[in-house]
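Below you'll find the structure, written out as structure tokens, and then a few comments.
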Amino acid sequence: MLLFLFLLVLLLCVFPLIPGLWGIVHTAFFSQHLSSSTSNTFSQLIHWPGLSTSIALTLWTAIGSTLLSLLLCFWLLQNHWQTPRWQRLEKTLSPLLALPHVAFAIGFVFLFSPSGWFFRLFDAFGLSLNPNHTLIQDPYGLGLLLVMVIKETPFLLLMSVSVLRTLDTAPLMKIANSLGYSRQQTWRHIILPLWLPKIRLPLYAVLGYGLSVVDVALFIGPTRPATFAMVIWQWLSDPNLEQLPMAAMGALGLFILTLLVLGLFRFLEYLFLTICRQWQYTLSTKTRAFGRYLFPLCWFLPLCTLPILVLWSFTLRWRYPALLPTHYTFRFWEQENQTLLNLVGNSLSIALITTIISVVCVIVCLEFKHRYRWGLPAAIIALPLVIPPLSLLFGIQVSLYALPHQYYELWVIWGHVLYVFPYVYLTLSGSWQSYDLRYDQCASSLGLRPWRVFWSVRLPQLQSALWLAAGVGMSVSLAQYLPTQMLGAGRVSTITTEAVALASGQDPRIVAIYGLLQGILPLVFFIFAMFASRYSARFQHIRT
């Protein structure tokens with residue numbers, strides 16, 4: 001039975017990679033009825049105006065945000081891991097992770113646009129800023145880079161928690177201190193070479209998302225020219241079907257570009273940790289880490305976005321440069337009431353079904369690996385996070401056209417599972433691997449069958465981690481834009497798709513309402529999961 005379920009998980013979560021890549025190649029090279037020739041399509045792609053600048057912007061924002069997130073993550077761990085301050089810092093990770101990229105991007109626009117709140121604040125102090133010097137759609141992509149750093153650093157920190165607990169850094173620190181190493185030297189020369197390879201897959205996921213980000217780039221990314229992923233998205237959205245082969249060629253090019261960048265990162269890691277290792281044996285002078293000063297930026301800006309969205313959602317009139325609205329109203333909430341109820345219900349139903357399926361699939365994979373000492377490599381599980389979503393989903397979308405019927409809700413749920421499953425696996429695998437197998441051995445020695453051991457012993461011990469994994473799954477599913485938009489063909493609407501669609505020129509008060517709900521829903525479920533996790537752990541402690 002377990003083997004059958006494992007094969008079903010492979011079919012559901014790994015098999016889509018095959019039609020995804022096949023759809024790209026088929027459309028790019030074999031759709032001759034839409035384009036004169038493959039060479040002509042390739043020539044149009046190469047000579048597209050501003051293409052080199054778009055690729056350069058993509059590499060700059062993706063690589064820059066990934067490296068800054070990695071450095072900030074390491075600085076924070078170096079300064080605060082296993083200190084009293086870390087417990088307070090760890091509690092702030094959940095709200096930061098629960099806030100979706102789109103909701104944060106909408107709030108970021110309201111804060112840093114030329115008529116945004118920070119420009120109003122400077123004007124109130126008598127300081128005038130040039131409205132051209134804004135982080136919204138700036139030609140250098142600085143705003144996009146900043147948003148990516150703020151959103152991805154908490155994710156790397158959360159993934160590092162399970163890694164460092166597996167490494168058990170306390171004995172390493174004691175031995176290093178006895179040899180005269182300072183805390184900073186211990187982290188740089190001893191813990192860093194152990195931590196970096198184990199954080200490789202989450203780091204690649206951050207890099208892959210940065211190379212193919214669309215939803216955030218729609219709000220704050222550069223426009224003239226746009227990033228490479230945005231250019232491909234414009235080709236895909238073009239009603240002219242002759243653009244489809246070039247969009248497929250661009251999606252394939254984005255996939256190849258991602259592989260090259262990932263290969264570069266892997267080579268630099270090998271060079272840094274294996275070839276050029278002199279830095280590990282040379283004790284540098286003590287330098288002051290700035291992590292404790294940089295992290296407030298990661299929570300201060302997200303903390304400002306929700307209040308500004310609340311203000312805009314109840315605003316009737318807010319003239320520039322007033323710091324607060326002059327008139328308030330409930331009119332826009334009442335106007336969107338029925339539509340919001342339908343969208344929220346649709347979003348929650350999709351997220352709930354997706355999370356249940358993903359958690360069950362992860363449990364099957366982990367239990368299969370525990371029982372048979374073999375399972376899916378973590379690299380294969382994380383492939384949907386590394387492959388550009390725009391490329392993979394485009395291939396799946398083309399492949400689904402060959403089916404006789406189009407079940408759009410089913411395809412959307414399938415697409416959500418494809419991206420929720422890796423996040424749930426990364427969240428749950430650490431706790432599953434650290435589970436003490438002696439509990440199972442004691443239960444088996446008392447005559448319990450394997451399935452009874454699983455239900456009565458293992459799951460109660462891991463229910464705290466299961467609640468957190470479910471919270472992560474709900475948050476990730478509620479934030480999905482591209483799977484819903486592409487696989488649903490515009491027929492499946494969620495709060496996220498509507499928030500992105502309205503942000504392109506709708507009334508800012510309506511945009512604030514949708515952005516606020518899109519940010520609050522994952523946060524509510526994440527907080528509920530945290531409380532359920534703590535309550536279940538306390539209840540289990542009382543039982544034992």
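Residue numbers start at 1 in each chain; chains themselves are named A, B, ... in the order of the structure tokens; ligands are numbered from 1 in the order shown.
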
Check: Can you tell me, as a list in words, what residues are no more than 6 Å from region 153-166 of chain A when counting only C-alpha atoms, ignoring any on the same chain fewer than 3 positions away?
Finding: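 The contact residues come out as Ser69, Cys73, Leu93, Val149, Ile150 and Gly430 of chain A.
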
Item checked: Expected answer as a count of residues only: alpha helix (DSSP H) residues in region 218-398 of chain A -> 126

Margin query: as a list in words, please: the residues near region 112-128 of chain A (cut-off 9 Å, only C-alpha atoms, same-chain neighbours under 6 positions excluded).
Written below: Thr134, Leu135, Ile136, Ile308, Tyr320, Pro321, Ala322, Leu323 and Leu324 of chain A

Next item on the list: Considering only C-alpha atoms, state which residue in the set A:Leu303, A:Val261, A:Ala529, A:Leu207 is at the smallest distance from Ser464 (chain A).
Entry: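 The closest residue to Ser464 (chain A) is A:Ala529.
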
Which residues, written as a short mmCIF file (atom, residue, chain, number, x, y, z; two decimals) with N, CA, C and O atoms, in the first residue's frame, have at least one atom at most 10 Å from Leu482 (chain A), with only C-alpha atoms counted and residues fewer than 5 positions away on the same chain left out?
```cif
data_model
loop_
_atom_site.label_atom_id
_atom_site.label_comp_id
_atom_site.auth_asym_id
_atom_site.auth_seq_id
_atom_site.Cartn_x
_atom_site.Cartn_y
_atom_site.Cartn_z
N VAL A 213 10.78 35.94 -11.44
CA VAL A 213 9.69 36.60 -10.73
C VAL A 213 8.86 37.45 -11.69
O VAL A 213 9.40 38.18 -12.53
N VAL A 214 7.54 37.33 -11.58
CA VAL A 214 6.61 38.08 -12.44
C VAL A 214 5.69 38.95 -11.62
O VAL A 214 5.52 40.14 -11.89
N ASP A 215 5.04 38.36 -10.59
CA ASP A 215 4.02 39.09 -9.85
C ASP A 215 4.57 40.34 -9.17
O ASP A 215 3.98 41.42 -9.25
N TRP A 233 6.44 37.12 -20.21
CA TRP A 233 5.04 37.19 -19.79
C TRP A 233 4.22 38.08 -20.71
O TRP A 233 3.06 37.78 -21.01
N PRO A 389 9.26 29.16 -12.86
CA PRO A 389 7.84 28.82 -12.97
C PRO A 389 7.24 29.20 -14.32
O PRO A 389 6.37 28.49 -14.83
N LEU A 390 7.70 30.31 -14.87
CA LEU A 390 7.17 30.73 -16.16
C LEU A 390 7.46 29.70 -17.25
O LEU A 390 6.61 29.42 -18.11
N LEU A 393 5.46 26.15 -16.16
CA LEU A 393 4.00 26.25 -16.29
C LEU A 393 3.57 26.45 -17.73
O LEU A 393 2.50 25.99 -18.13
N PHE A 394 4.40 27.14 -18.50
CA PHE A 394 4.06 27.30 -19.92
C PHE A 394 4.07 25.95 -20.62
O PHE A 394 3.19 25.64 -21.42
N VAL A 412 -5.56 23.93 -11.66
CA VAL A 412 -5.04 24.94 -10.73
C VAL A 412 -4.59 24.29 -9.43
O VAL A 412 -3.51 24.60 -8.89
N GLY A 415 -1.40 22.53 -10.08
CA GLY A 415 -0.29 23.48 -10.14
C GLY A 415 0.12 23.99 -8.77
O GLY A 415 1.32 24.17 -8.49
N HIS A 416 -0.86 24.21 -7.87
CA HIS A 416 -0.52 24.64 -6.52
C HIS A 416 0.23 23.54 -5.77
O HIS A 416 1.19 23.83 -5.05
N LEU A 487 -2.64 28.04 -15.59
CA LEU A 487 -3.35 26.77 -15.69
C LEU A 487 -4.87 26.95 -15.59
O LEU A 487 -5.62 26.11 -16.07
N GLY A 488 -5.30 28.03 -14.97
CA GLY A 488 -6.73 28.32 -14.91
C GLY A 488 -7.25 29.06 -16.11
O GLY A 488 -8.47 29.23 -16.25
N THR A 496 -5.43 36.61 -5.00
CA THR A 496 -4.12 37.01 -5.51
C THR A 496 -4.19 37.46 -6.97
O THR A 496 -3.63 38.50 -7.33
N THR A 497 -4.88 36.69 -7.81
CA THR A 497 -4.98 37.08 -9.22
C THR A 497 -5.72 38.39 -9.38
O THR A 497 -5.35 39.22 -10.23
#
```

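The space between CA of Ile356 (chain A) and CA of Leu11 (chain A) spans 16.8 Å.
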
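For the pair CA of Leu146 (chain A) and CA of Leu68 (chain A), the interatomic distance is 9.4 Å.
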
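In terms of minimum interatomic distance to Trp299 (chain A), A:Leu99 ranks closest within A:Leu3, A:Leu99, A:Ala229, A:Leu340, counting only C-alpha atoms.
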
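Between Ser349 (chain A) and the candidates A:Leu502, A:Ile495, A:Leu7, A:Val147, the tightest atom-to-atom separation, counting only C-alpha atoms, involves A:Ile495.
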
Margin query: Can you pull out the residues contacting region 363-370 of chain A? Cut-off 10 Å, using only C-alpha atoms, and skip same-chain residues under 2 positions away; I want them as a ChimeraX atom specification.
Written below: /A:2-10,358-361,372-377,424-425,428-429,432-433,437,454,459,466

Notebook entry, point to check: Separation of CA of Ala170 (chain A) and CA of Thr186 (chain A), in Å?
Noted result: 11.1 Å

Margin query: List as number ranges by chain the protein and nucleic acid residues near Thr258 (chain A), meaning an atom at most 12 Å away when only C-alpha atoms are counted, but skip any in the same chain fewer than 2 places from it.
Written below: A: 55, 58-59, 62-63, 204-212, 228-229, 251-256, 260-265, 383, 385-391

Note to self: What's around Ser399 (chain A) at 10 Å? Count only C-alpha atoms, leave out sequence neighbours fewer than 6 positions away in its own chain, and write the answer as a VMD selection string.
What the structure shows: chain A and resid 16 18 to 24 26 to 27 393

Checklist line | Nearest residue to Trp187 (chain A) from the set A:Thr326, A:Ser431, A:Gln335, A:Asn79 (distances using only C-alpha atoms) | finding: A:Asn79
